[in-house]
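This is data-v7.cif (mmCIF, C-alpha atoms).
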```
data_final
#
loop_
_atom_site.label_atom_id
_atom_site.label_comp_id
_atom_site.auth_asym_id
_atom_site.auth_seq_id
_atom_site.Cartn_x
_atom_site.Cartn_y
_atom_site.Cartn_z
CA MET A 1291 -192.47 -81.12 -118.82
CA GLY A 1292 -193.05 -83.86 -121.39
CA GLU A 1293 -193.99 -87.43 -120.57
CA GLN A 1294 -190.56 -88.61 -121.70
CA ASP A 1295 -188.80 -86.12 -119.40
CA LEU A 1296 -190.95 -87.21 -116.51
CA GLU A 1297 -190.08 -90.86 -117.15
CA THR A 1298 -186.38 -89.98 -117.25
CA LEU A 1299 -186.47 -88.04 -113.98
CA THR A 1300 -188.57 -90.75 -112.33
CA MET A 1301 -186.02 -93.37 -113.36
CA ILE A 1302 -183.18 -91.34 -111.83
CA ARG A 1303 -185.16 -90.75 -108.62
CA VAL A 1304 -186.17 -94.40 -108.26
CA ALA A 1305 -182.57 -95.52 -108.89
CA GLY A 1306 -181.41 -93.19 -106.10
CA GLU A 1307 -184.06 -94.47 -103.71
CA PHE A 1308 -183.15 -98.05 -104.58
CA VAL A 1309 -179.52 -97.39 -103.65
CA ILE A 1310 -180.37 -95.63 -100.37
CA TYR A 1311 -183.24 -97.71 -99.05
CA VAL A 1312 -182.72 -101.14 -100.58
CA LEU A 1313 -179.24 -101.80 -101.88
CA PHE A 1314 -176.95 -100.53 -99.12
CA PRO A 1315 -179.15 -101.52 -96.16
CA GLY A 1316 -179.07 -105.02 -97.66
CA ILE A 1317 -175.28 -105.05 -97.70
CA ASP A 1318 -174.48 -103.33 -94.44
CA GLU A 1319 -176.50 -102.19 -91.46
CA THR A 1320 -174.86 -98.76 -91.42
CA ALA A 1321 -177.14 -96.00 -92.64
CA PHE A 1322 -174.40 -94.26 -94.55
CA ALA A 1323 -176.42 -94.11 -97.80
CA GLU A 1324 -178.94 -91.82 -96.10
CA ARG A 1325 -176.21 -89.20 -96.08
CA ILE A 1326 -176.39 -88.99 -99.86
CA ASP A 1327 -178.36 -86.17 -101.47
CA TRP A 1328 -179.50 -87.14 -104.95
CA ARG A 1329 -179.88 -84.68 -107.78
CA HIS A 1330 -180.34 -84.75 -111.51
CA ARG A 1331 -178.74 -82.23 -113.81
CA ASP A 1332 -179.14 -81.33 -117.46
CA SER A 1333 -176.80 -83.25 -119.68
CA VAL A 1334 -176.52 -84.58 -123.20
CA GLY A 1335 -173.98 -87.31 -122.49
CA LEU A 1336 -173.21 -89.98 -119.92
CA ASP A 1337 -172.69 -87.87 -116.89
CA ALA A 1338 -172.66 -88.44 -113.14
CA ILE A 1339 -170.57 -87.06 -110.29
CA ILE A 1340 -170.21 -87.32 -106.56
CA SER A 1341 -168.79 -84.57 -104.38
CA PRO A 1342 -168.50 -83.89 -100.65
CA TRP A 1343 -171.50 -81.99 -99.33
CA ARG A 1344 -172.01 -80.36 -95.94
CA LYS A 1345 -170.21 -81.98 -93.03
CA ASP A 1346 -170.29 -85.72 -93.64
CA ARG A 1347 -172.81 -85.78 -96.49
CA TYR A 1348 -172.39 -86.51 -100.19
CA ARG A 1349 -174.08 -85.03 -103.22
CA ILE A 1350 -174.61 -87.18 -106.31
CA ALA A 1351 -175.80 -85.62 -109.55
CA ILE A 1352 -176.93 -87.87 -112.40
CA GLY A 1353 -177.20 -86.46 -115.91
CA THR A 1354 -180.70 -86.38 -117.37
CA ALA A 1355 -179.50 -88.03 -120.60
CA VAL A 1356 -178.33 -91.18 -118.82
CA PRO A 1357 -181.60 -93.19 -118.84
CA ASP A 1358 -182.35 -92.42 -122.51
CA LEU A 1359 -178.84 -93.28 -123.67
CA ILE A 1360 -178.97 -96.63 -121.88
CA LEU A 1361 -182.45 -97.33 -123.24
CA SER A 1362 -181.33 -96.56 -126.80
CA ARG A 1363 -178.47 -99.01 -126.52
CA LEU A 1364 -180.71 -101.70 -125.06
CA GLN A 1365 -183.19 -101.32 -127.91
CA ALA A 1366 -180.45 -102.58 -130.24
CA VAL A 1367 -179.85 -105.76 -128.23
CA ASN A 1368 -180.64 -109.06 -129.99
CA VAL A 1369 -183.13 -110.78 -127.70
CA GLU A 1370 -183.32 -114.20 -129.29
CA GLY A 1371 -182.48 -117.82 -128.55
CA GLU A 1372 -181.58 -118.42 -124.91
CA THR A 1373 -181.94 -114.71 -124.09
CA ALA A 1374 -185.54 -114.73 -125.34
CA ALA A 1375 -186.27 -117.98 -123.49
CA ARG A 1376 -184.91 -116.49 -120.26
CA ALA A 1377 -186.97 -113.35 -120.81
CA GLU A 1378 -190.12 -115.46 -121.06
CA ARG A 1379 -189.35 -117.00 -117.67
CA LEU A 1380 -189.30 -113.50 -116.23
CA GLY A 1381 -192.69 -112.65 -117.72
CA GLY A 1382 -191.72 -111.56 -121.24
CA ILE A 1383 -189.22 -109.48 -123.15
CA GLU A 1384 -190.63 -106.14 -122.01
CA PRO A 1385 -190.30 -106.66 -118.24
CA ALA A 1386 -186.97 -108.45 -118.72
CA MET A 1387 -185.53 -105.56 -120.74
CA THR A 1388 -186.99 -103.08 -118.26
CA LEU A 1389 -184.98 -104.95 -115.62
CA ALA A 1390 -181.89 -104.48 -117.81
CA TRP A 1391 -182.68 -100.78 -118.23
CA PHE A 1392 -183.18 -100.22 -114.53
CA ALA A 1393 -180.03 -102.21 -113.74
CA GLY A 1394 -178.08 -99.97 -116.15
CA VAL A 1395 -179.32 -96.74 -114.55
CA ALA A 1396 -178.86 -98.22 -111.07
CA PHE A 1397 -175.31 -99.21 -112.04
CA PHE A 1398 -174.59 -95.56 -112.78
CA ALA A 1399 -176.08 -94.45 -109.46
CA THR A 1400 -174.42 -97.25 -107.50
CA HIS A 1401 -171.03 -96.51 -109.05
CA GLU A 1402 -171.18 -92.99 -107.60
CA ALA A 1403 -172.48 -94.20 -104.22
CA CYS A 1404 -169.66 -96.74 -104.09
CA HIS A 1405 -167.15 -93.89 -104.36
CA ALA A 1406 -168.58 -92.69 -101.04
CA ALA A 1407 -168.94 -96.15 -99.49
CA ALA A 1408 -165.36 -97.04 -100.41
CA GLY A 1409 -163.96 -93.84 -98.93
CA HIS A 1410 -162.75 -92.47 -102.29
CA VAL A 1411 -164.37 -89.07 -101.76
CA ALA A 1412 -162.88 -88.71 -98.28
CA TYR A 1413 -159.48 -89.95 -99.43
CA GLN A 1414 -159.40 -87.52 -102.35
CA LYS A 1415 -160.21 -84.74 -99.91
CA ALA A 1416 -157.36 -85.91 -97.69
CA LEU A 1417 -154.99 -85.91 -100.69
CA ASN A 1418 -155.85 -82.29 -101.42
CA PRO A 1419 -153.45 -80.00 -99.50
CA GLU A 1420 -156.22 -77.38 -99.12
CA THR A 1421 -158.76 -79.70 -97.56
CA ASN A 1422 -156.73 -82.47 -95.94
CA THR A 1423 -157.69 -83.36 -92.43
CA GLY A 1424 -154.60 -85.20 -91.26
CA ASP A 1425 -151.39 -86.88 -92.25
CA LEU A 1426 -151.60 -89.64 -94.78
CA PRO A 1427 -148.85 -92.17 -94.27
CA ARG A 1428 -147.32 -92.95 -97.66
CA PRO A 1429 -150.17 -91.47 -99.71
CA LEU A 1430 -150.99 -92.88 -103.13
CA ASP A 1431 -150.11 -90.77 -106.11
CA LEU A 1432 -153.21 -89.16 -107.60
CA ALA A 1433 -152.96 -91.07 -110.89
CA THR A 1434 -152.94 -94.48 -109.18
CA PHE A 1435 -155.74 -93.41 -106.88
CA ARG A 1436 -157.92 -92.21 -109.76
CA LEU A 1437 -157.44 -95.34 -111.84
CA LEU A 1438 -158.05 -97.81 -109.04
CA SER A 1439 -160.94 -95.89 -107.50
CA GLU A 1440 -162.87 -95.93 -110.80
CA LEU A 1441 -162.22 -99.64 -111.24
CA GLU A 1442 -163.18 -100.37 -107.64
CA ALA A 1443 -166.41 -98.36 -107.91
CA ASP A 1444 -167.35 -100.19 -111.13
CA GLY A 1445 -166.63 -103.62 -109.65
CA ALA A 1446 -168.39 -102.94 -106.34
CA ALA A 1447 -171.43 -101.50 -108.13
CA ALA A 1448 -171.78 -104.51 -110.43
CA ALA A 1449 -171.31 -107.01 -107.59
CA SER A 1450 -173.79 -105.15 -105.36
CA LEU A 1451 -176.47 -105.16 -108.05
CA LEU A 1452 -175.97 -108.85 -108.81
CA SER A 1453 -176.33 -109.58 -105.09
CA ALA A 1454 -179.57 -107.57 -105.04
CA ASP A 1455 -181.10 -109.48 -107.95
CA TYR A 1456 -184.31 -110.34 -106.11
CA GLU A 1457 -184.79 -106.75 -104.95
CA LEU A 1458 -184.16 -105.46 -108.48
CA MET A 1459 -186.73 -107.88 -109.85
CA ARG A 1460 -189.31 -106.70 -107.34
CA THR A 1461 -188.83 -103.14 -108.58
CA ILE A 1462 -190.07 -104.00 -112.08
CA GLU A 1463 -193.79 -104.13 -112.69
CA GLY A 1464 -194.96 -107.27 -114.45
CA LEU A 1465 -191.76 -109.18 -113.78
CA SER A 1466 -192.10 -112.54 -112.14
CA SER A 1467 -189.64 -112.74 -109.23
CA ASP A 1468 -190.63 -116.15 -107.86
CA GLY A 1469 -190.05 -119.66 -109.06
CA ASP A 1470 -187.14 -121.89 -109.98
CA ASP A 1471 -184.35 -120.70 -112.15
CA ARG A 1472 -185.16 -117.00 -111.71
CA ALA A 1473 -181.71 -116.13 -110.38
CA ASP A 1474 -179.83 -116.99 -113.57
CA SER A 1475 -182.48 -115.33 -115.73
CA ALA A 1476 -182.28 -112.16 -113.64
CA MET A 1477 -178.49 -112.27 -113.71
CA MET A 1478 -178.60 -112.40 -117.50
CA PHE A 1479 -180.64 -109.19 -117.77
CA ILE A 1480 -178.78 -107.37 -115.00
CA VAL A 1481 -175.55 -108.22 -116.84
CA ILE A 1482 -177.04 -106.94 -120.11
CA GLY A 1483 -177.95 -103.63 -118.45
CA VAL A 1484 -174.59 -103.17 -116.73
CA PHE A 1485 -172.50 -104.06 -119.77
CA ALA A 1486 -174.64 -102.02 -122.16
CA THR A 1487 -173.90 -99.07 -119.88
CA LEU A 1488 -170.18 -99.81 -119.81
CA GLU A 1489 -170.20 -100.13 -123.57
CA LEU A 1490 -171.69 -96.65 -123.86
CA LEU A 1491 -168.59 -95.26 -122.15
CA ALA A 1492 -166.63 -96.31 -125.22
CA SER A 1493 -169.01 -94.72 -127.68
CA GLU A 1494 -169.44 -91.48 -125.76
CA GLY A 1495 -166.16 -89.93 -126.79
CA PRO A 1496 -162.54 -89.69 -125.72
CA VAL A 1497 -161.52 -90.88 -122.28
CA GLU A 1498 -160.28 -88.14 -120.00
CA ASP A 1499 -156.68 -88.36 -118.82
CA GLY A 1500 -156.30 -90.47 -115.74
CA TYR A 1501 -159.29 -92.71 -116.40
CA PRO A 1502 -159.05 -96.41 -117.28
CA THR A 1503 -160.12 -97.11 -120.85
CA PRO A 1504 -163.69 -98.37 -121.36
CA GLU A 1505 -162.28 -101.74 -122.46
CA THR A 1506 -160.32 -102.07 -119.21
CA ARG A 1507 -163.41 -101.10 -117.23
CA TYR A 1508 -165.39 -103.73 -119.13
CA LEU A 1509 -162.89 -106.48 -118.31
CA ASN A 1510 -162.71 -105.33 -114.69
CA VAL A 1511 -166.48 -105.79 -114.35
CA VAL A 1512 -166.22 -109.22 -115.97
CA ALA A 1513 -163.80 -110.06 -113.13
CA ALA A 1514 -166.33 -108.71 -110.61
CA VAL A 1515 -169.04 -110.93 -112.13
CA PHE A 1516 -166.74 -113.92 -111.72
CA ARG A 1517 -166.10 -113.01 -108.07
CA HIS A 1518 -169.86 -112.79 -107.52
CA VAL A 1519 -170.65 -116.14 -109.12
CA ALA A 1520 -167.65 -118.10 -107.89
CA PRO A 1521 -166.37 -116.64 -104.61
CA ASN A 1522 -165.46 -120.13 -103.47
CA LEU A 1523 -162.97 -120.46 -106.32
CA LEU A 1524 -160.99 -117.48 -105.09
CA GLN A 1525 -158.87 -116.59 -102.13
CA LEU A 1526 -157.37 -113.36 -100.89
CA LYS A 1527 -153.64 -113.09 -101.20
CA SER A 1528 -151.66 -109.91 -100.57
CA GLY A 1529 -154.73 -107.72 -100.90
CA ASP A 1530 -156.02 -109.20 -104.14
CA TYR A 1531 -158.06 -112.17 -105.27
CA VAL A 1532 -156.28 -115.14 -106.75
CA ARG A 1533 -157.76 -118.37 -107.98
CA ARG A 1534 -157.43 -121.33 -105.67
CA GLU A 1535 -157.33 -125.01 -106.51
CA ALA A 1536 -160.84 -126.31 -107.07
CA SER A 1537 -162.41 -129.64 -107.90
CA ASP A 1538 -163.64 -130.39 -111.42
CA GLU A 1539 -167.18 -130.41 -110.08
CA GLU A 1540 -166.86 -126.89 -108.60
CA VAL A 1541 -165.43 -125.57 -111.86
CA GLN A 1542 -168.15 -127.31 -113.89
CA ASN A 1543 -170.91 -125.80 -111.72
CA VAL A 1544 -169.57 -122.30 -112.27
CA ALA A 1545 -169.14 -122.90 -116.01
CA ASN A 1546 -172.75 -124.07 -116.25
CA ARG A 1547 -174.02 -120.92 -114.56
CA PHE A 1548 -172.06 -118.72 -116.92
CA ARG A 1549 -173.23 -120.73 -119.93
CA HIS A 1550 -176.86 -119.99 -119.09
CA SER A 1551 -176.57 -116.41 -117.92
CA VAL A 1552 -173.49 -114.26 -118.51
CA LEU A 1553 -172.30 -115.72 -121.81
CA PRO A 1554 -175.64 -115.37 -123.66
CA ALA A 1555 -175.93 -111.86 -122.18
CA LEU A 1556 -172.55 -110.79 -123.58
CA ALA A 1557 -173.35 -112.51 -126.87
CA ALA A 1558 -176.62 -110.54 -127.08
CA LEU A 1559 -174.54 -107.38 -126.79
CA ASN A 1560 -172.27 -108.68 -129.59
CA HIS A 1561 -169.31 -108.66 -127.26
CA PHE A 1562 -168.20 -112.19 -126.89
CA ASP A 1563 -166.06 -113.23 -129.80
CA VAL A 1564 -163.38 -115.59 -128.54
CA THR A 1565 -161.42 -115.18 -131.75
CA THR A 1566 -160.36 -111.68 -130.70
CA PRO A 1567 -157.79 -110.89 -127.98
CA PHE A 1568 -160.50 -108.98 -126.07
CA GLY A 1569 -162.86 -111.97 -126.22
CA GLU A 1570 -160.04 -114.26 -125.11
CA ASP A 1571 -159.51 -112.03 -122.09
CA ILE A 1572 -163.23 -112.14 -121.24
CA ALA A 1573 -163.04 -115.94 -121.36
CA ALA A 1574 -159.89 -115.91 -119.22
CA LEU A 1575 -161.52 -113.72 -116.56
CA LEU A 1576 -164.64 -115.90 -116.50
CA GLY A 1577 -162.31 -118.78 -115.72
CA GLY A 1578 -160.62 -116.87 -112.91
CA ALA A 1579 -157.41 -116.38 -114.90
CA VAL A 1580 -155.34 -113.25 -115.46
CA PRO A 1581 -156.05 -111.49 -118.78
CA ASN A 1582 -153.04 -110.94 -121.02
CA LYS A 1583 -154.17 -111.13 -124.64
CA SER A 1584 -155.47 -107.60 -125.22
CA GLU A 1585 -153.95 -104.26 -124.29
CA ALA A 1586 -156.91 -103.61 -121.97
CA GLY A 1587 -156.36 -106.98 -120.29
CA ARG A 1588 -152.68 -106.33 -119.77
CA ASP A 1589 -153.48 -102.89 -118.35
CA LEU A 1590 -155.94 -104.42 -115.89
CA ALA A 1591 -153.35 -106.98 -114.77
CA ARG A 1592 -150.79 -104.20 -114.35
CA TYR A 1593 -153.14 -102.04 -112.28
CA SER A 1594 -153.90 -105.03 -110.03
CA ARG A 1595 -150.31 -104.96 -108.83
CA ASP A 1596 -151.04 -101.69 -107.01
CA ARG A 1597 -154.22 -103.02 -105.48
CA ALA A 1598 -152.79 -104.20 -102.15
CA ARG A 1599 -151.24 -100.77 -101.56
CA PHE A 1600 -154.51 -99.12 -102.58
CA MET A 1601 -156.52 -101.28 -100.17
CA ARG A 1602 -154.20 -100.46 -97.28
CA ALA A 1603 -154.31 -96.73 -98.03
CA LEU A 1604 -158.11 -96.67 -98.17
CA SER A 1605 -158.78 -98.94 -95.19
CA ARG A 1606 -159.44 -96.19 -92.64
CA PHE A 1607 -161.63 -94.20 -95.04
CA ARG A 1608 -164.14 -96.98 -95.79
CA GLU A 1609 -167.72 -96.03 -94.93
CA THR A 1610 -169.16 -99.55 -94.95
CA ARG A 1611 -167.95 -103.03 -94.11
CA MET A 1612 -167.90 -104.14 -97.73
CA TRP A 1613 -164.10 -104.13 -97.70
CA ASP A 1614 -163.47 -105.49 -94.20
CA ASP A 1615 -161.92 -108.69 -95.53
CA PHE A 1616 -159.04 -106.65 -96.89
CA ASN A 1617 -158.27 -104.72 -93.72
CA ASP A 1618 -155.28 -105.55 -91.59
CA MET C 70 -181.82 -64.55 -91.78
CA THR C 71 -182.24 -66.24 -95.15
CA ASP C 72 -179.46 -68.20 -96.82
CA VAL C 73 -179.28 -69.01 -100.49
CA VAL C 74 -176.95 -71.76 -101.68
CA VAL C 75 -175.60 -71.86 -105.22
CA VAL C 76 -173.90 -74.94 -106.62
CA MET C 77 -171.77 -74.45 -109.72
CA ARG C 78 -169.62 -76.60 -111.96
CA LEU C 79 -166.15 -75.27 -112.69
CA ALA C 80 -164.23 -76.44 -115.71
CA GLY C 81 -160.93 -75.25 -117.16
CA ASP C 82 -157.57 -74.74 -115.56
CA ASP C 83 -158.06 -71.58 -113.55
CA ALA C 84 -160.77 -72.55 -111.08
CA ASP C 85 -159.58 -70.04 -108.52
CA ALA C 86 -160.02 -67.08 -110.88
CA SER C 87 -163.52 -68.28 -111.79
CA LYS C 88 -164.35 -68.60 -108.12
CA GLN C 89 -163.16 -65.07 -107.33
CA ASP C 90 -165.21 -63.67 -110.24
CA ILE C 91 -168.34 -65.46 -109.03
CA LEU C 92 -167.84 -64.30 -105.45
CA ALA C 93 -167.45 -60.69 -106.59
CA LEU C 94 -170.64 -61.01 -108.64
CA LEU C 95 -172.61 -62.37 -105.70
CA GLU C 96 -171.20 -59.82 -103.23
CA GLY C 97 -172.69 -57.18 -105.52
CA VAL C 98 -176.26 -58.28 -104.81
CA ALA C 99 -178.00 -55.71 -102.63
CA GLY C 100 -178.32 -56.86 -99.02
CA ALA C 101 -176.36 -60.05 -99.61
CA ASP C 102 -173.23 -61.33 -97.92
CA VAL C 103 -171.16 -64.31 -99.06
CA THR C 104 -170.73 -66.24 -95.82
CA ASP C 105 -169.23 -69.48 -97.06
CA SER C 106 -167.65 -70.89 -100.19
CA SER C 107 -165.77 -74.04 -101.05
CA VAL C 108 -164.36 -75.75 -104.09
CA ASP C 109 -164.48 -79.53 -103.97
CA ALA C 110 -163.05 -82.05 -106.37
CA ALA C 111 -165.78 -84.36 -107.60
CA LEU C 112 -165.35 -87.93 -108.76
CA GLY C 113 -167.16 -88.34 -112.05
CA MET C 114 -168.15 -91.41 -114.05
CA THR C 115 -166.34 -90.14 -117.12
CA ALA C 116 -164.56 -86.89 -116.20
CA LYS C 117 -163.00 -84.97 -113.36
CA GLU C 118 -164.85 -81.90 -112.20
CA LEU C 119 -164.74 -79.14 -109.60
CA VAL C 120 -167.82 -78.07 -107.71
CA LEU C 121 -168.10 -74.57 -106.25
CA THR C 122 -170.64 -74.14 -103.46
CA VAL C 123 -171.41 -70.63 -102.23
CA THR C 124 -173.70 -69.62 -99.38
CA ILE C 125 -175.12 -66.11 -99.52
CA SER C 126 -176.85 -64.67 -96.45
CA PHE C 127 -179.46 -61.95 -96.49
CA ALA C 128 -179.15 -60.17 -93.15
CA THR C 129 -182.47 -58.41 -93.34
CA SER C 130 -185.65 -60.39 -93.27
CA VAL C 131 -186.53 -61.26 -96.84
CA SER C 132 -188.67 -64.07 -98.14
CA ALA C 133 -187.07 -67.20 -99.55
CA ASN C 134 -188.56 -66.41 -102.93
CA PHE C 135 -187.15 -62.88 -102.94
CA ALA C 136 -183.67 -64.01 -101.92
CA THR C 137 -183.58 -66.82 -104.45
CA LYS C 138 -184.82 -64.54 -107.23
CA ALA C 139 -182.18 -61.92 -106.42
CA ILE C 140 -179.41 -64.49 -106.75
CA GLU C 141 -180.92 -66.00 -109.90
CA ASP C 142 -181.06 -62.54 -111.46
CA ALA C 143 -177.44 -61.82 -110.56
CA LEU C 144 -176.40 -65.05 -112.23
CA GLN C 145 -178.43 -64.33 -115.38
CA GLY C 146 -175.72 -62.01 -116.67
CA PRO C 147 -172.46 -63.07 -118.30
CA LEU C 148 -170.66 -65.62 -116.13
CA PRO C 149 -166.97 -66.43 -116.18
CA ASP C 150 -166.07 -68.94 -118.86
CA GLN C 151 -166.37 -72.56 -117.82
CA VAL C 152 -168.84 -71.88 -115.00
CA THR C 153 -172.21 -73.61 -115.09
CA VAL C 154 -174.86 -72.92 -112.47
CA GLU C 155 -176.29 -76.23 -111.44
CA GLU C 156 -178.58 -75.52 -108.55
CA ILE C 157 -179.88 -72.59 -106.50
CA PHE C 158 -181.90 -73.18 -103.36
CA CYS C 159 -182.88 -71.44 -100.18
CA GLU C 160 -182.12 -72.60 -96.67
CA THR C 161 -184.03 -71.42 -93.64
CA PRO C 162 -183.14 -72.16 -90.02
CA SER C 163 -185.40 -74.76 -88.46
CA GLU C 164 -187.45 -73.42 -85.55
CA ASN C 165 -186.92 -76.49 -83.43
CA ASP C 166 -183.36 -77.66 -83.53
CA GLY C 167 -181.27 -74.94 -85.08
CA THR C 168 -180.43 -77.00 -88.14
CA VAL C 169 -181.07 -75.77 -91.63
CA GLU C 170 -183.55 -77.13 -94.07
CA GLU C 171 -183.89 -76.71 -97.77
CA SER C 172 -187.06 -74.95 -98.75
CA PRO C 173 -188.75 -75.10 -102.13
CA GLU C 174 -188.35 -72.10 -104.35
#
```
Here is a file; write its structure as C-alpha cells.
Amino acid sequence: MGEQDLETLTMIRVAGEFVIYVLFPGIDETAFAERIDWRHRDSVGLDAIISPWRKDRYRIAIGTAVPDLILSRLQAVNVEGETAARAERLGGIEPAMTLAWFAGVAFFATHEACHAAAGHVAYQKALNPETNTGDLPRPLDLATFRLLSELEADGAAAASLLSADYELMRTIEGLSSDGDDRADSAMMFIVIGVFATLELLASEGPVEDGYPTPETRYLNVVAAVFRHVAPNLLQLKSGDYVRREASDEEVQNVANRFRHSVLPALAALNHFDVTTPFGEDIAALLGGAVPNKSEAGRDLARYSRDRARFMRALSRFRETRMWDDFND
Amino acid sequence: MTDVVVVMRLAGDDADASKQDILALLEGVAGADVTDSSVDAALGMTAKELVLTVTISFATSVSANFATKAIEDALQGPLPDQVTVEEIFCETPSENDGTVEESPE
C-alpha cells in the first residue's frame, strides 16, 4: 500500500471516528452513532452509502477516492486577502486548509450518518413492502422522501460540523484552536471544505433521477449555514423555519459575521457573484429570505412546501433528539 | 460452525435475478449452506443502490481462513452482470455471550 493510499484510508477512518466519538455525543447523549459500522470501498468518484446492517445497526461505506477528490478541489482555492489573513490566525495556510479538507471528508461521512440519525434509513425500510415493519399512516411518496431526505442530511451535516468547530480544530495538527476570533476563522475554512465538496457533486457527472440538483443542494446548505449563525432571527412555523422580525442591531451583527467568514469563503471558491441569479439566491438565503431568482432556488422553495409533512412522517423514526423541536 | 458474510453491490433493474444467481453460486461451495440473505436499499450521496448481504454457514468445523478462501474462490469466477463484491469476512460465535464477532481474514 502506498503512502498516499494510507493517508486516504486514514482520513476516512478518522472522519468516521470523529462522527462516532466526538460529533454525535456532542449533540445528543444517545449512543446511536456507536451502532454504525464504518467501511471504505474502492471507488473512482464521489461515493458513499448507508444501508441497514444487522438488527439495529447501520453500515456506511465511503469511497476511497473521496479524500483525494476533495483535496484536489481545495488545491485550486484562492487563499488570499481576508482568507489568507484568517488562515494566519489559525496557524498558517497549511493547517487552515487541512481543516477545510477534513471538514469536507467529515461532511461526507456526517451526511451518511445523518441519514441514520434522522430516521431516513428506517423510514425507507418501512416504505418497502418487503421489509416494512408496520403501517405508515399517510406515507410519503418515494420521490418526495428521496429529495427531502438528501436535503435534510446535507443541512444537518453542515450545521453539525459548524457547531463542532472547536472539536474540528483540535483534530488538526498545528492548528491554533485558542484565542479571540478563532470561531469565525474556523467557520470560514469549514465552509470552504463543505462547499468545495458540494461543488464536486456538480462536476462529478449527471445527477441520478430523484436527487436534488447540486445547485439546489448548495443553496440548501447556505440556508443551513444561516440557521446556524442566526437561529435567533428565525422561528418555526408549520414545520419550517421562517424569518421573524428582528432589530437592526441583530441583523447587523449577523451580517458582520457573514462578511468576515462565509462570504470570503464562498468568494475563495469563486461562487459568490451577486450579478447572477444563483448568486442573488445565495445572498437572499444569507439574509433569511426565500430564494426565487434561479431555477435551483425556486426548486428549493418548492420542496420546502412539503417539509412540514416530511417532518411529521419522520418524527417517530428519528434516532436522536436533533429534530425534537419539530415533533408534535 | 463458521459463518462467512459476503456484502455485494447490486446495480441494474433485475436485482432479484442477480440475487438468485449469486445464491446458486454460493450454494455450490462444498460444505456450505446459505443461511441468510437480504437485499437492502441504501441511501447514497449521489446514487441509489441495493446491497445484498449473504451469510454462508460451514456446518463442519473449518478454520475461518479456509471458509473465507472457499467463498472468495467461488466468487472469483464470472459473476452476474451488475454485481460487485464489496466485502467478505468471517464471523465466529463468541465463547462468552453467544454473540458473533467479526474475525480478521
Chain A contacts on chain C, only C-alpha atoms, 12 Å, as a PyMOL selection string: chain C and resi 74+76-78+105-124+153-156+168-169+171
Which of A:Leu1437, A:Leu1361, A:Ala1408, A:Ala1476 sits closest to Arg1592 in chain A [using all atoms listed in the file]: A:Leu1437
Length of the CA of Ala1574 in chain A to CA of Val1367 in chain A vector [Å]: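 Between these atoms lies a distance of 24.1 Å.
Candidate residues A:Leu1296, A:Leu1438, A:Ala1396, A:Leu1364 were compared for distance to Asp1596 in chain A, and the nearest is A:Leu1438, using all atoms listed in the file.
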For Val1511 in chain A, the nearest of the candidates A:Gly1445, A:Gly1578, A:Gly1483, A:Gly1382, counting all atoms listed in the file: A:Gly1445
Target residues per the PyMOL selection byres ((chain C and resi 99) around 12), formatted as a ChimeraX atom specification: /C:94-98,100-103,125-129,131,135-136,139-140,142-143
One-decimal distance in Å that lies between CA of Thr1506 in chain A and CA of Met1459 in chain A: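 Atom-to-atom, CA of Met1459 in chain A and CA of Thr1506 in chain A are spaced 28.6 Å apart.
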CA of Asp72 in chain C to CA of Gln89 in chain C, straight-line distance in Å: 19.6 Å
From C:Val75, C:Met70, C:Thr104, C:Leu92, residue lying nearest Ile157 in chain C [all atoms listed in the file]: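 Checking each candidate against Ile157 in chain C, we get C:Val75 as the closest.
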Check what the PyMOL selection byres ((chain A and resi 1510) around 9) selects in the file above and give those residues as a PDB file with C-alpha atoms, in the coordinates of the input.
```pdb
ATOM      1  CA  LEU A1441    -162.220 -99.640-111.240  1.00  0.00           C
ATOM      2  CA  GLU A1442    -163.180-100.370-107.640  1.00  0.00           C
ATOM      3  CA  ASP A1444    -167.350-100.190-111.130  1.00  0.00           C
ATOM      4  CA  GLY A1445    -166.630-103.620-109.650  1.00  0.00           C
ATOM      5  CA  GLU A1505    -162.280-101.740-122.460  1.00  0.00           C
ATOM      6  CA  THR A1506    -160.320-102.070-119.210  1.00  0.00           C
ATOM      7  CA  ARG A1507    -163.410-101.100-117.230  1.00  0.00           C
ATOM      8  CA  TYR A1508    -165.390-103.730-119.130  1.00  0.00           C
ATOM      9  CA  LEU A1509    -162.890-106.480-118.310  1.00  0.00           C
ATOM     10  CA  VAL A1511    -166.480-105.790-114.350  1.00  0.00           C
ATOM     11  CA  VAL A1512    -166.220-109.220-115.970  1.00  0.00           C
ATOM     12  CA  ALA A1513    -163.800-110.060-113.130  1.00  0.00           C
ATOM     13  CA  ALA A1514    -166.330-108.710-110.610  1.00  0.00           C
ATOM     14  CA  VAL A1515    -169.040-110.930-112.130  1.00  0.00           C
ATOM     15  CA  LEU A1575    -161.520-113.720-116.560  1.00  0.00           C
ATOM     16  CA  GLY A1587    -156.360-106.980-120.290  1.00  0.00           C
ATOM     17  CA  LEU A1590    -155.940-104.420-115.890  1.00  0.00           C
TER      18      LEU A1590
END
```
Explicit residues for the PyMOL selection byres ((chain A and resi 1538-1546) around 12) (as a PyMOL selection string): chain A and resi 1474+1515-1524+1533-1537+1547-1554+1573+1575-1578
Select, counting all atoms listed in the file, all protein, DNA and RNA residues no farther than 12 Å from (-190.3, -113.3, -121.1) in file coordinates, and express the selection as a compact mmCIF listing (two decimals) with C-alpha atoms, keeping the file's coordinate frame.
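Just written: part.txt:
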```
# COMPACT_ATOMS: atom_id res chain seq x y z
CA VAL A 1369 -183.13 -110.78 -127.70
CA GLU A 1370 -183.32 -114.20 -129.29
CA GLY A 1371 -182.48 -117.82 -128.55
CA GLU A 1372 -181.58 -118.42 -124.91
CA THR A 1373 -181.94 -114.71 -124.09
CA ALA A 1374 -185.54 -114.73 -125.34
CA ALA A 1375 -186.27 -117.98 -123.49
CA ARG A 1376 -184.91 -116.49 -120.26
CA ALA A 1377 -186.97 -113.35 -120.81
CA GLU A 1378 -190.12 -115.46 -121.06
CA ARG A 1379 -189.35 -117.00 -117.67
CA LEU A 1380 -189.30 -113.50 -116.23
CA GLY A 1381 -192.69 -112.65 -117.72
CA GLY A 1382 -191.72 -111.56 -121.24
CA ILE A 1383 -189.22 -109.48 -123.15
CA GLU A 1384 -190.63 -106.14 -122.01
CA PRO A 1385 -190.30 -106.66 -118.24
CA ALA A 1386 -186.97 -108.45 -118.72
CA MET A 1387 -185.53 -105.56 -120.74
CA THR A 1388 -186.99 -103.08 -118.26
CA LEU A 1389 -184.98 -104.95 -115.62
CA GLY A 1464 -194.96 -107.27 -114.45
CA LEU A 1465 -191.76 -109.18 -113.78
CA SER A 1466 -192.10 -112.54 -112.14
CA SER A 1467 -189.64 -112.74 -109.23
CA ARG A 1472 -185.16 -117.00 -111.71
CA SER A 1475 -182.48 -115.33 -115.73
CA ALA A 1476 -182.28 -112.16 -113.64
CA PHE A 1479 -180.64 -109.19 -117.77
```
